[in-house]
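K.L.:
Below are the structure tokens for one structure; questions will follow.
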Amino acid sequence: MDFNVPIGADGLVADPHRILEALSTVRWLQGQGARTILLSHFGRPKGRPDPRFSLRPVAAALSRYLGQPVPLAPDCVGPTARAAASAVENGGCVLLENLRFHPGEEANDPAFAAELASLGELFVEEAFGAVHRAHASTVGIPEKLPSYAGLLVSREMEELGRLVEAPERPYVAIVGGAKVADKLPFLEGLLGRTNAILIGGALAFPFLAADGVDLGASSVEPGLDDAVRAFRAKAESLGTRIELPVDWLTERTEDDGSSSVVPAPTTTVPADCVARDIGPRTRDRFYEVIKDSKSVFWNGPLGLAEDRRFAAGTREVLAGLGTIAGYHVAAGGDSARVASDLGVDGAFQYISTGGGAALEFVAGETLPGLAVLPDA
Ligand code: ADP
Ligand code: 3PG
Ligand code: MG
């Protein structure tokens, strides 16, 4: 399971999308009288127990949605995990504590994977959001147990597969967000596959910086100039149009600590300002490209959309998308939450539970957690 969900300031699950989407498989297993042991990672706790990364809020949410108590075992291996697993009754389920409390998870340590595998008889892969990781839970266990793709993983492959095999054209990708170095290699995989890529958010910064644009006080990830230039050259040779912001809404921090919104009508950002959202001219340019599209893949907010002052770029572009017929897919934890908070999730025919996994999938990568499943 990928129960790596956002938690609110109240300590409760803030967006249950990933949990809800995984329930069909849990309910099906329960209906078959299976004894279900749920495994998931949560956040990036660096291989040791850390209460800030406990799955406790997820266990509470699961109990509510399933209408039956879902206990949380304090560890995913060792005597408490074994006791919890053997206490599950037919049709019942238990959630084991965060897999990433052990370094063996991310290292895909064979002994750790063997211990996890020893808890059950069959493995169902339902953590679509994590299948791009070659970890013990995604690759180690399926090497040791008969393994199957779950209902959600199968659906993700089918829906996202529509953008891989023969997407209706023009096919446009809208990308933004913040994980710049993470995303750049996979964006490259979209070149040639897509007809146009619209780049907003902090993801646009290194592209503009490599062109020598002054982005004021915006924090630009260093060392990406060569990668960005290679990307642009490849886009040109494969005929994928790249659109970057031509104006911004920026934020200036005043002497008294308050902050104000300063529009920047060109790509250049004033020295004391930080680019926070795409501006109105950019929104219009993006709309001109998507209005003729037949397929759209979106990952990454086009600005700091959690702050209502900087949400207009994402909101308006997606609202425009909602008026266009076609097959539209959204992916990414923050993206899905922002689209629903801004009331524009109706623009999409499918909202993936994967972030990086979905991006790699549509970029045509082989995902290790899927490659290891015989039926996927
Ligand atoms: P996802 O989880 O959908 O894959 P990311 O994690 O890459 O997306 O990025 C989402 C984050 O990027 C959001 O929190 C958003 O506010 C932030 N972001 C986008 N553009 C900017 C910007 N210009 N300045 C600061 N943060 C930004
Ligand atoms: C995600 O949130 O994209 C998945 O749960 C994977 O998390 P990770 O990027 O920490 O591996
Ligand atoms: Mg994110």
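Each chain of the structure tokens is named A, B, ... in the order shown, its residues numbered from 1; ligands are numbered from 1 in display order.
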Let's see if you can do this: from backbone DSSP, list all helix (DSSP H, G or I) residues in range 87-163 of chain A, as a PyMOL selection string.

P.N.:
chain A and resi 87+99-101+103-107+110-117+128-130+136-140+151-163

K.L.:
Save out the residues we just selected, N, CA, C and O atoms, as a compact mmCIF listing (two decimals), in the first residue's frame.

P.N.:
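After the write, out_37.txt holds the following:
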# COMPACT_ATOMS: atom_id res chain seq x y z
N ALA A 87 -2.41 -12.86 14.77
CA ALA A 87 -3.67 -12.60 15.48
C ALA A 87 -4.82 -12.20 14.54
O ALA A 87 -5.97 -12.13 14.96
N LEU A 99 7.37 0.94 7.09
CA LEU A 99 8.47 0.11 6.58
C LEU A 99 9.81 0.84 6.64
O LEU A 99 10.87 0.23 6.83
N ARG A 100 9.78 2.15 6.46
CA ARG A 100 11.04 2.92 6.40
C ARG A 100 11.62 3.23 7.79
O ARG A 100 12.60 3.97 7.88
N PHE A 101 11.05 2.62 8.84
CA PHE A 101 11.69 2.69 10.15
C PHE A 101 12.90 1.74 10.18
O PHE A 101 13.63 1.69 11.15
N PRO A 103 16.34 0.45 7.87
CA PRO A 103 17.15 0.77 6.69
C PRO A 103 17.03 -0.29 5.59
O PRO A 103 17.26 0.00 4.42
N GLY A 104 16.65 -1.52 5.98
CA GLY A 104 16.53 -2.61 5.01
C GLY A 104 15.47 -2.36 3.95
O GLY A 104 15.52 -2.96 2.88
N GLU A 105 14.49 -1.49 4.25
CA GLU A 105 13.44 -1.23 3.26
C GLU A 105 14.03 -0.56 2.02
O GLU A 105 13.97 -1.10 0.92
N GLU A 106 14.64 0.61 2.20
CA GLU A 106 15.14 1.33 1.02
C GLU A 106 16.37 0.64 0.40
O GLU A 106 16.62 0.75 -0.79
N ALA A 107 17.12 -0.10 1.25
CA ALA A 107 18.31 -0.80 0.74
C ALA A 107 17.93 -2.10 0.04
O ALA A 107 18.78 -2.78 -0.53
N PRO A 110 18.02 -8.31 1.61
CA PRO A 110 17.33 -9.60 1.43
C PRO A 110 16.79 -10.19 2.73
O PRO A 110 15.71 -10.78 2.74
N ALA A 111 17.52 -10.02 3.84
CA ALA A 111 17.05 -10.59 5.10
C ALA A 111 15.79 -9.87 5.58
O ALA A 111 14.84 -10.51 6.08
N PHE A 112 15.78 -8.55 5.41
CA PHE A 112 14.60 -7.76 5.80
C PHE A 112 13.39 -8.17 4.93
O PHE A 112 12.29 -8.40 5.43
N ALA A 113 13.63 -8.29 3.62
CA ALA A 113 12.55 -8.68 2.71
C ALA A 113 12.04 -10.08 3.06
O ALA A 113 10.83 -10.33 3.04
N ALA A 114 12.97 -10.98 3.42
CA ALA A 114 12.56 -12.35 3.76
C ALA A 114 11.69 -12.34 5.02
O ALA A 114 10.71 -13.08 5.12
N GLU A 115 12.05 -11.49 5.96
CA GLU A 115 11.26 -11.42 7.19
C GLU A 115 9.85 -10.89 6.90
O GLU A 115 8.86 -11.41 7.44
N LEU A 116 9.76 -9.86 6.06
CA LEU A 116 8.43 -9.36 5.68
C LEU A 116 7.65 -10.46 4.96
O LEU A 116 6.47 -10.70 5.27
N ALA A 117 8.31 -11.13 4.03
CA ALA A 117 7.63 -12.15 3.22
C ALA A 117 7.13 -13.30 4.10
O ALA A 117 6.09 -13.90 3.81
N PHE A 128 0.94 1.72 -5.83
CA PHE A 128 1.38 2.23 -7.13
C PHE A 128 2.36 3.39 -6.98
O PHE A 128 3.35 3.49 -7.71
N GLY A 129 2.10 4.27 -5.99
CA GLY A 129 2.96 5.45 -5.81
C GLY A 129 4.41 5.12 -5.48
O GLY A 129 5.27 6.01 -5.52
N ALA A 130 4.69 3.86 -5.15
CA ALA A 130 6.05 3.48 -4.76
C ALA A 130 6.71 2.49 -5.73
O ALA A 130 7.85 2.08 -5.50
N ALA A 136 12.64 -3.12 -0.51
CA ALA A 136 12.29 -4.47 -0.05
C ALA A 136 10.82 -4.77 -0.26
O ALA A 136 10.44 -5.85 -0.71
N SER A 137 9.95 -3.78 0.03
CA SER A 137 8.50 -4.04 -0.07
C SER A 137 8.02 -4.06 -1.51
O SER A 137 6.99 -4.65 -1.79
N THR A 138 8.73 -3.42 -2.42
CA THR A 138 8.26 -3.37 -3.81
C THR A 138 8.91 -4.44 -4.69
O THR A 138 8.30 -4.90 -5.64
N VAL A 139 10.15 -4.80 -4.38
CA VAL A 139 10.88 -5.74 -5.23
C VAL A 139 11.30 -7.00 -4.46
O VAL A 139 11.21 -8.12 -4.96
N GLY A 140 11.72 -6.81 -3.20
CA GLY A 140 12.22 -7.93 -2.39
C GLY A 140 11.14 -8.97 -2.11
O GLY A 140 11.35 -10.17 -2.33
N LEU A 151 -6.04 -4.28 -7.63
CA LEU A 151 -7.02 -3.62 -8.50
C LEU A 151 -6.59 -2.20 -8.85
O LEU A 151 -6.75 -1.75 -9.98
N LEU A 152 -6.03 -1.49 -7.87
CA LEU A 152 -5.59 -0.11 -8.12
C LEU A 152 -4.39 -0.07 -9.06
O LEU A 152 -4.36 0.71 -10.01
N VAL A 153 -3.42 -0.92 -8.79
CA VAL A 153 -2.22 -0.95 -9.65
C VAL A 153 -2.63 -1.29 -11.09
O VAL A 153 -2.16 -0.67 -12.05
N SER A 154 -3.55 -2.24 -11.24
CA SER A 154 -4.00 -2.61 -12.59
C SER A 154 -4.69 -1.43 -13.26
O SER A 154 -4.46 -1.15 -14.44
N ARG A 155 -5.52 -0.72 -12.50
CA ARG A 155 -6.24 0.42 -13.07
C ARG A 155 -5.26 1.53 -13.46
O ARG A 155 -5.38 2.15 -14.52
N GLU A 156 -4.28 1.80 -12.59
CA GLU A 156 -3.28 2.83 -12.89
C GLU A 156 -2.56 2.49 -14.20
O GLU A 156 -2.35 3.36 -15.05
N MET A 157 -2.20 1.22 -14.36
CA MET A 157 -1.47 0.82 -15.56
C MET A 157 -2.33 1.01 -16.81
O MET A 157 -1.85 1.42 -17.87
N GLU A 158 -3.62 0.71 -16.65
CA GLU A 158 -4.52 0.84 -17.79
C GLU A 158 -4.74 2.32 -18.14
O GLU A 158 -4.63 2.72 -19.30
N GLU A 159 -5.02 3.14 -17.11
CA GLU A 159 -5.31 4.56 -17.38
C GLU A 159 -4.07 5.28 -17.90
O GLU A 159 -4.11 5.96 -18.91
N LEU A 160 -2.96 5.15 -17.16
CA LEU A 160 -1.74 5.85 -17.59
C LEU A 160 -1.23 5.26 -18.91
O LEU A 160 -0.61 5.96 -19.71
N GLY A 161 -1.53 3.98 -19.10
CA GLY A 161 -1.11 3.32 -20.34
C GLY A 161 -1.71 3.99 -21.57
O GLY A 161 -1.11 3.97 -22.65
N ARG A 162 -2.87 4.62 -21.40
CA ARG A 162 -3.50 5.32 -22.53
C ARG A 162 -2.63 6.48 -23.02
O ARG A 162 -2.76 6.93 -24.14
N LEU A 163 -1.78 7.00 -22.12
CA LEU A 163 -0.89 8.10 -22.52
C LEU A 163 0.45 7.57 -23.05
O LEU A 163 1.28 8.34 -23.52

K.L.:
Skip Leu302 in chain A itself and residues of its chain fewer than 5 positions away, then list as a PyMOL selection string all residues within 12 Å of it, counting only C-alpha atoms.

P.N.:
chain A and resi 174-178+198-205+244-245+248-249+275-279+282-283+286+310-318+334-335+338-339

K.L.:
Using only C-alpha atoms and all ligand atoms, find each protein or nucleic acid residue lying at most 8 Å from ligand 2; present the set as a PyMOL selection string.

P.N.:
chain A and resi 2-5+41-44+127+129-130+132-133+332-333+354-357

K.L.:
List as a PyMOL selection string the protein and nucleic acid residues near Trp28 in chain A, meaning an atom at most 12 Å away when only C-alpha atoms are counted, but skip any in the same chain fewer than 3 places from it.

P.N.:
chain A and resi 22-25+31-36+66+91-93+124+150-152

K.L.:
With C-alpha atoms retained, write the just-selected residues as a PDB file, in the first residue's frame.

P.N.:
ATOM      1  CA  ALA A  22      -6.735   1.165  -2.210  1.00  0.00           C
ATOM      2  CA  LEU A  23      -9.885   0.074  -0.347  1.00  0.00           C
ATOM      3  CA  SER A  24     -11.403  -2.004  -3.179  1.00  0.00           C
ATOM      4  CA  THR A  25      -8.622  -4.542  -2.893  1.00  0.00           C
ATOM      5  CA  GLY A  31     -14.816 -10.786   1.225  1.00  0.00           C
ATOM      6  CA  GLN A  32     -12.675 -13.794   0.324  1.00  0.00           C
ATOM      7  CA  GLY A  33     -12.009 -14.386   4.028  1.00  0.00           C
ATOM      8  CA  ALA A  34      -8.331 -13.527   3.632  1.00  0.00           C
ATOM      9  CA  ARG A  35      -6.201 -12.458   6.578  1.00  0.00           C
ATOM     10  CA  THR A  36      -4.822  -9.156   5.299  1.00  0.00           C
ATOM     11  CA  LEU A  66     -13.675  -0.052   6.618  1.00  0.00           C
ATOM     12  CA  GLY A  91     -11.685 -11.353   6.883  1.00  0.00           C
ATOM     13  CA  GLY A  92      -9.725  -9.083   9.210  1.00  0.00           C
ATOM     14  CA  CYS A  93      -6.745  -6.835   8.654  1.00  0.00           C
ATOM     15  CA  VAL A 124      -0.620  -8.096  -3.619  1.00  0.00           C
ATOM     16  CA  GLY A 150      -3.897  -5.233  -7.078  1.00  0.00           C
ATOM     17  CA  LEU A 151      -7.022  -3.624  -8.502  1.00  0.00           C
ATOM     18  CA  LEU A 152      -5.595  -0.106  -8.122  1.00  0.00           C
TER      19      LEU A 152
END

K.L.:
Got a sec: who's within 8 Å of Val262 in chain A, counting only C-alpha atoms, leaving out chain neighbours fewer than 6 positions off, as a PyMOL selection string?

P.N.:
chain A and resi 249-252+273

K.L.:
May I ask which of the residues A:Arg281, A:Lys294, A:His135, A:Arg309 is the closest one to ligand 1, counting only C-alpha atoms and all ligand atoms?

P.N.:
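Of A:Arg281, A:Lys294, A:His135, A:Arg309, the one nearest ligand 1 is A:Arg309, counting only C-alpha atoms and all ligand atoms.
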
K.L.:
With only C-alpha atoms as the counted atoms, please give the residues lying no more than 9 Å from range 57-62 of chain A, apart from itself and same-chain residues fewer than 4 positions off, as a PyMOL selection string.

P.N.:
chain A and resi 3-5+7+11-13+16+19-20+23+66-72+94-95

K.L.:
Based on the selection just made, write N, CA, C and O atoms of those residues as a PDB file, in the first residue's frame.

P.N.:
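What ended up in result25.pdb:
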ATOM      1  N   PHE A   3       0.372   4.405   1.614  1.00  0.00           N
ATOM      2  CA  PHE A   3      -0.403   5.233   2.532  1.00  0.00           C
ATOM      3  C   PHE A   3       0.396   6.474   2.913  1.00  0.00           C
ATOM      4  O   PHE A   3       0.246   7.023   3.999  1.00  0.00           O
ATOM      5  N   ASN A   4       1.271   6.911   2.022  1.00  0.00           N
ATOM      6  CA  ASN A   4       2.078   8.121   2.233  1.00  0.00           C
ATOM      7  C   ASN A   4       1.194   9.316   1.881  1.00  0.00           C
ATOM      8  O   ASN A   4       1.296   9.877   0.802  1.00  0.00           O
ATOM      9  N   VAL A   5       0.306   9.671   2.825  1.00  0.00           N
ATOM     10  CA  VAL A   5      -0.716  10.696   2.576  1.00  0.00           C
ATOM     11  C   VAL A   5      -0.402  11.965   3.369  1.00  0.00           C
ATOM     12  O   VAL A   5       0.277  11.894   4.389  1.00  0.00           O
ATOM     13  N   ILE A   7      -0.737  14.771   6.069  1.00  0.00           N
ATOM     14  CA  ILE A   7      -1.337  14.862   7.407  1.00  0.00           C
ATOM     15  C   ILE A   7      -1.492  16.345   7.742  1.00  0.00           C
ATOM     16  O   ILE A   7      -0.569  17.135   7.534  1.00  0.00           O
ATOM     17  N   GLY A  11      -3.135  16.626  12.932  1.00  0.00           N
ATOM     18  CA  GLY A  11      -2.632  15.258  13.081  1.00  0.00           C
ATOM     19  C   GLY A  11      -3.488  14.224  12.377  1.00  0.00           C
ATOM     20  O   GLY A  11      -3.252  13.023  12.508  1.00  0.00           O
ATOM     21  N   LEU A  12      -4.477  14.669  11.604  1.00  0.00           N
ATOM     22  CA  LEU A  12      -5.355  13.730  10.901  1.00  0.00           C
ATOM     23  C   LEU A  12      -5.011  13.702   9.417  1.00  0.00           C
ATOM     24  O   LEU A  12      -4.389  14.631   8.902  1.00  0.00           O
ATOM     25  N   VAL A  13      -5.434  12.634   8.750  1.00  0.00           N
ATOM     26  CA  VAL A  13      -5.200  12.519   7.305  1.00  0.00           C
ATOM     27  C   VAL A  13      -5.893  13.686   6.599  1.00  0.00           C
ATOM     28  O   VAL A  13      -7.096  13.892   6.758  1.00  0.00           O
ATOM     29  N   PRO A  16      -7.395  11.830   1.792  1.00  0.00           N
ATOM     30  CA  PRO A  16      -7.421  10.356   1.856  1.00  0.00           C
ATOM     31  C   PRO A  16      -7.371   9.665   0.492  1.00  0.00           C
ATOM     32  O   PRO A  16      -7.550   8.451   0.431  1.00  0.00           O
ATOM     33  N   ILE A  19      -5.702   6.375   0.235  1.00  0.00           N
ATOM     34  CA  ILE A  19      -6.310   5.339   1.083  1.00  0.00           C
ATOM     35  C   ILE A  19      -7.596   4.843   0.427  1.00  0.00           C
ATOM     36  O   ILE A  19      -7.810   3.632   0.263  1.00  0.00           O
ATOM     37  N   LEU A  20      -8.425   5.783  -0.001  1.00  0.00           N
ATOM     38  CA  LEU A  20      -9.712   5.411  -0.591  1.00  0.00           C
ATOM     39  C   LEU A  20      -9.527   4.546  -1.835  1.00  0.00           C
ATOM     40  O   LEU A  20     -10.257   3.566  -2.034  1.00  0.00           O
ATOM     41  N   LEU A  23      -8.934   0.844  -1.152  1.00  0.00           N
ATOM     42  CA  LEU A  23      -9.885   0.074  -0.347  1.00  0.00           C
ATOM     43  C   LEU A  23     -10.548  -1.078  -1.108  1.00  0.00           C
ATOM     44  O   LEU A  23     -10.888  -2.088  -0.505  1.00  0.00           O
ATOM     45  N   LEU A  66     -13.311   1.360   6.734  1.00  0.00           N
ATOM     46  CA  LEU A  66     -13.675  -0.052   6.618  1.00  0.00           C
ATOM     47  C   LEU A  66     -14.775  -0.445   7.605  1.00  0.00           C
ATOM     48  O   LEU A  66     -15.329  -1.534   7.515  1.00  0.00           O
ATOM     49  N   GLY A  67     -15.047   0.463   8.554  1.00  0.00           N
ATOM     50  CA  GLY A  67     -16.097   0.164   9.524  1.00  0.00           C
ATOM     51  C   GLY A  67     -15.735  -0.976  10.453  1.00  0.00           C
ATOM     52  O   GLY A  67     -16.604  -1.685  10.951  1.00  0.00           O
ATOM     53  N   GLN A  68     -14.465  -1.182  10.666  1.00  0.00           N
ATOM     54  CA  GLN A  68     -14.019  -2.196  11.621  1.00  0.00           C
ATOM     55  C   GLN A  68     -12.630  -1.790  12.126  1.00  0.00           C
ATOM     56  O   GLN A  68     -11.917  -1.082  11.418  1.00  0.00           O
ATOM     57  N   PRO A  69     -12.270  -2.172  13.327  1.00  0.00           N
ATOM     58  CA  PRO A  69     -10.966  -1.719  13.840  1.00  0.00           C
ATOM     59  C   PRO A  69      -9.811  -2.289  13.012  1.00  0.00           C
ATOM     60  O   PRO A  69      -9.807  -3.471  12.686  1.00  0.00           O
ATOM     61  N   VAL A  70      -8.892  -1.380  12.631  1.00  0.00           N
ATOM     62  CA  VAL A  70      -7.664  -1.827  11.975  1.00  0.00           C
ATOM     63  C   VAL A  70      -6.520  -1.501  12.935  1.00  0.00           C
ATOM     64  O   VAL A  70      -6.101  -0.353  13.047  1.00  0.00           O
ATOM     65  N   PRO A  71      -6.050  -2.512  13.688  1.00  0.00           N
ATOM     66  CA  PRO A  71      -4.981  -2.233  14.650  1.00  0.00           C
ATOM     67  C   PRO A  71      -3.678  -1.883  13.943  1.00  0.00           C
ATOM     68  O   PRO A  71      -3.461  -2.293  12.798  1.00  0.00           O
ATOM     69  N   LEU A  72      -2.844  -1.100  14.633  1.00  0.00           N
ATOM     70  CA  LEU A  72      -1.520  -0.771  14.108  1.00  0.00           C
ATOM     71  C   LEU A  72      -0.495  -1.526  14.943  1.00  0.00           C
ATOM     72  O   LEU A  72      -0.400  -1.318  16.154  1.00  0.00           O
ATOM     73  N   VAL A  94      -4.709  -5.984   9.545  1.00  0.00           N
ATOM     74  CA  VAL A  94      -3.850  -5.272  10.475  1.00  0.00           C
ATOM     75  C   VAL A  94      -2.888  -4.418   9.640  1.00  0.00           C
ATOM     76  O   VAL A  94      -2.498  -4.808   8.532  1.00  0.00           O
ATOM     77  N   LEU A  95      -2.548  -3.248  10.173  1.00  0.00           N
ATOM     78  CA  LEU A  95      -1.565  -2.391   9.509  1.00  0.00           C
ATOM     79  C   LEU A  95      -0.272  -2.479  10.312  1.00  0.00           C
ATOM     80  O   LEU A  95      -0.304  -2.393  11.539  1.00  0.00           O
TER      81      LEU A  95
END

K.L.:
Which residue gives the smallest distance to ligand 1 among A:Arg232, A:Lys179, A:Arg337, A:His328, with only C-alpha atoms and all ligand atoms counted?

P.N.:
A:Lys179

K.L.:
Nearest to ligand 3: which of A:Lys291, A:Lys183, A:Arg241, A:Arg52 is it, counting only C-alpha atoms and all ligand atoms?

P.N.:
A:Lys183

K.L.:
As an exercise, work out the distance from CA of Glu21 in chain A to CA of Glu126 in chain A in Å and give it to one decimal place.

P.N.:
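Separation of CA of Glu21 in chain A and CA of Glu126 in chain A: 9.5 Å.
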
K.L.:
Which of range 149-354 of chain A end up as strand (DSSP E or B) when DSSP is run on this backbone - answer as a ChimeraX atom specification?

P.N.:
/A:149,171-175,191,194,196-199,241-243,248-253,259-264,273-278,295-299,327-331,350-351

K.L.:
List the neighbours of Leu184 in chain A out to 9 Å using only C-alpha atoms; skip same-chain residues closer than 4 positions along the sequence, and give me the result as a PyMOL selection string.

P.N.:
chain A and resi 179-180+188+203+227-228+231

K.L.:
Residues at most 12 Å from Phe297 in chain A, counting only C-alpha atoms, excluding those fewer than 4 positions away in the same chain, as a PyMOL selection string?

P.N.:
chain A and resi 159-164+167-168+170-176+187+190+193-198+290+293+318+321+326-332+335+347-352+355+358-359+361-363

K.L.:
Selection from above, N, CA and C atoms, as a compact mmCIF listing (two decimals), in the first residue's frame, can you write it?

P.N.:
# COMPACT_ATOMS: atom_id res chain seq x y z
N GLU A 159 -5.02 3.14 -17.11
CA GLU A 159 -5.31 4.56 -17.38
C GLU A 159 -4.07 5.28 -17.90
N LEU A 160 -2.96 5.15 -17.16
CA LEU A 160 -1.74 5.85 -17.59
C LEU A 160 -1.23 5.26 -18.91
N GLY A 161 -1.53 3.98 -19.10
CA GLY A 161 -1.11 3.32 -20.34
C GLY A 161 -1.71 3.99 -21.57
N ARG A 162 -2.87 4.62 -21.40
CA ARG A 162 -3.50 5.32 -22.53
C ARG A 162 -2.63 6.48 -23.02
N LEU A 163 -1.78 7.00 -22.12
CA LEU A 163 -0.89 8.10 -22.52
C LEU A 163 0.45 7.57 -23.05
N VAL A 164 0.66 6.27 -22.90
CA VAL A 164 1.95 5.72 -23.32
C VAL A 164 1.84 5.10 -24.71
N PRO A 167 -1.51 7.85 -27.40
CA PRO A 167 -2.32 8.97 -26.93
C PRO A 167 -2.91 9.73 -28.11
N GLU A 168 -4.14 10.19 -27.92
CA GLU A 168 -4.72 11.04 -28.98
C GLU A 168 -3.95 12.34 -29.00
N PRO A 170 -3.19 16.42 -30.48
CA PRO A 170 -2.00 16.77 -29.71
C PRO A 170 -2.06 16.32 -28.24
N TYR A 171 -0.90 15.87 -27.76
CA TYR A 171 -0.72 15.43 -26.37
C TYR A 171 0.18 16.46 -25.68
N VAL A 172 -0.36 17.07 -24.62
CA VAL A 172 0.36 18.15 -23.94
C VAL A 172 0.63 17.76 -22.49
N ALA A 173 1.83 17.99 -22.01
CA ALA A 173 2.14 17.82 -20.59
C ALA A 173 2.24 19.19 -19.94
N ILE A 174 1.60 19.34 -18.78
CA ILE A 174 1.71 20.56 -17.99
C ILE A 174 2.46 20.17 -16.73
N VAL A 175 3.63 20.75 -16.52
CA VAL A 175 4.43 20.33 -15.36
C VAL A 175 4.88 21.54 -14.55
N GLY A 176 4.96 21.31 -13.24
CA GLY A 176 5.39 22.37 -12.32
C GLY A 176 5.87 21.72 -11.05
N LEU A 187 11.23 14.13 -17.28
CA LEU A 187 10.64 15.06 -18.25
C LEU A 187 11.26 14.80 -19.61
N LEU A 190 9.54 12.49 -21.74
CA LEU A 190 8.30 12.97 -22.38
C LEU A 190 8.57 13.65 -23.72
N ARG A 193 7.42 12.03 -27.03
CA ARG A 193 6.12 11.41 -26.72
C ARG A 193 5.01 12.45 -26.73
N THR A 194 5.33 13.67 -26.24
CA THR A 194 4.33 14.74 -26.17
C THR A 194 4.57 15.71 -27.33
N ASN A 195 3.52 16.46 -27.66
CA ASN A 195 3.67 17.50 -28.68
C ASN A 195 4.13 18.81 -28.07
N ALA A 196 3.78 19.03 -26.79
CA ALA A 196 4.21 20.26 -26.12
C ALA A 196 4.33 20.00 -24.63
N ILE A 197 5.29 20.68 -24.00
CA ILE A 197 5.41 20.63 -22.54
C ILE A 197 5.36 22.07 -22.04
N LEU A 198 4.40 22.34 -21.15
CA LEU A 198 4.26 23.66 -20.55
C LEU A 198 4.89 23.59 -19.16
N ILE A 290 -3.16 24.40 -24.79
CA ILE A 290 -4.01 23.25 -24.37
C ILE A 290 -5.38 23.26 -25.06
N SER A 293 -5.63 20.59 -27.52
CA SER A 293 -5.10 19.27 -27.16
C SER A 293 -6.21 18.21 -27.11
N LEU A 318 -6.06 25.15 -15.00
CA LEU A 318 -6.84 23.92 -14.87
C LEU A 318 -8.33 24.17 -15.13
N LEU A 321 -8.60 24.06 -18.70
CA LEU A 321 -8.51 22.66 -19.14
C LEU A 321 -9.87 21.97 -19.01
N GLY A 326 -11.33 15.89 -23.90
CA GLY A 326 -10.11 15.12 -24.12
C GLY A 326 -9.88 14.21 -22.94
N TYR A 327 -8.75 13.52 -22.94
CA TYR A 327 -8.41 12.61 -21.84
C TYR A 327 -7.34 13.28 -20.99
N HIS A 328 -7.71 13.66 -19.77
CA HIS A 328 -6.83 14.46 -18.90
C HIS A 328 -6.48 13.68 -17.63
N VAL A 329 -5.20 13.54 -17.37
CA VAL A 329 -4.74 12.80 -16.19
C VAL A 329 -3.94 13.72 -15.28
N ALA A 330 -4.24 13.68 -13.97
CA ALA A 330 -3.45 14.42 -12.98
C ALA A 330 -2.64 13.42 -12.17
N ALA A 331 -1.43 13.80 -11.78
CA ALA A 331 -0.60 12.91 -10.96
C ALA A 331 0.20 13.74 -9.98
N GLY A 332 0.47 13.15 -8.80
CA GLY A 332 1.29 13.84 -7.81
C GLY A 332 0.50 14.16 -6.56
N SER A 335 -0.19 17.81 -6.26
CA SER A 335 -1.03 18.22 -7.39
C SER A 335 -2.49 17.83 -7.14
N ALA A 347 -11.53 18.81 -13.92
CA ALA A 347 -10.89 18.91 -15.24
C ALA A 347 -10.29 17.58 -15.68
N PHE A 348 -10.23 16.61 -14.73
CA PHE A 348 -9.50 15.37 -15.03
C PHE A 348 -10.41 14.16 -15.11
N GLN A 349 -10.13 13.30 -16.09
CA GLN A 349 -10.84 12.03 -16.19
C GLN A 349 -10.23 11.02 -15.24
N TYR A 350 -8.95 11.21 -14.89
CA TYR A 350 -8.31 10.26 -13.99
C TYR A 350 -7.29 10.99 -13.12
N ILE A 351 -7.32 10.70 -11.82
CA ILE A 351 -6.34 11.27 -10.90
C ILE A 351 -5.53 10.11 -10.33
N SER A 352 -4.28 10.04 -10.72
CA SER A 352 -3.41 8.93 -10.32
C SER A 352 -3.03 9.07 -8.85
N GLY A 355 2.96 9.87 -7.89
CA GLY A 355 3.61 11.12 -8.24
C GLY A 355 4.76 10.79 -9.17
N ALA A 358 4.00 7.86 -11.46
CA ALA A 358 3.18 8.15 -12.64
C ALA A 358 4.01 8.86 -13.71
N LEU A 359 4.85 9.79 -13.25
CA LEU A 359 5.69 10.52 -14.21
C LEU A 359 6.64 9.57 -14.94
N PHE A 361 6.18 6.38 -15.34
CA PHE A 361 5.38 5.47 -16.18
C PHE A 361 5.04 6.12 -17.51
N VAL A 362 4.55 7.37 -17.49
CA VAL A 362 4.18 8.01 -18.76
C VAL A 362 5.41 8.38 -19.58
N ALA A 363 6.57 8.47 -18.91
CA ALA A 363 7.81 8.73 -19.65
C ALA A 363 8.35 7.45 -20.30
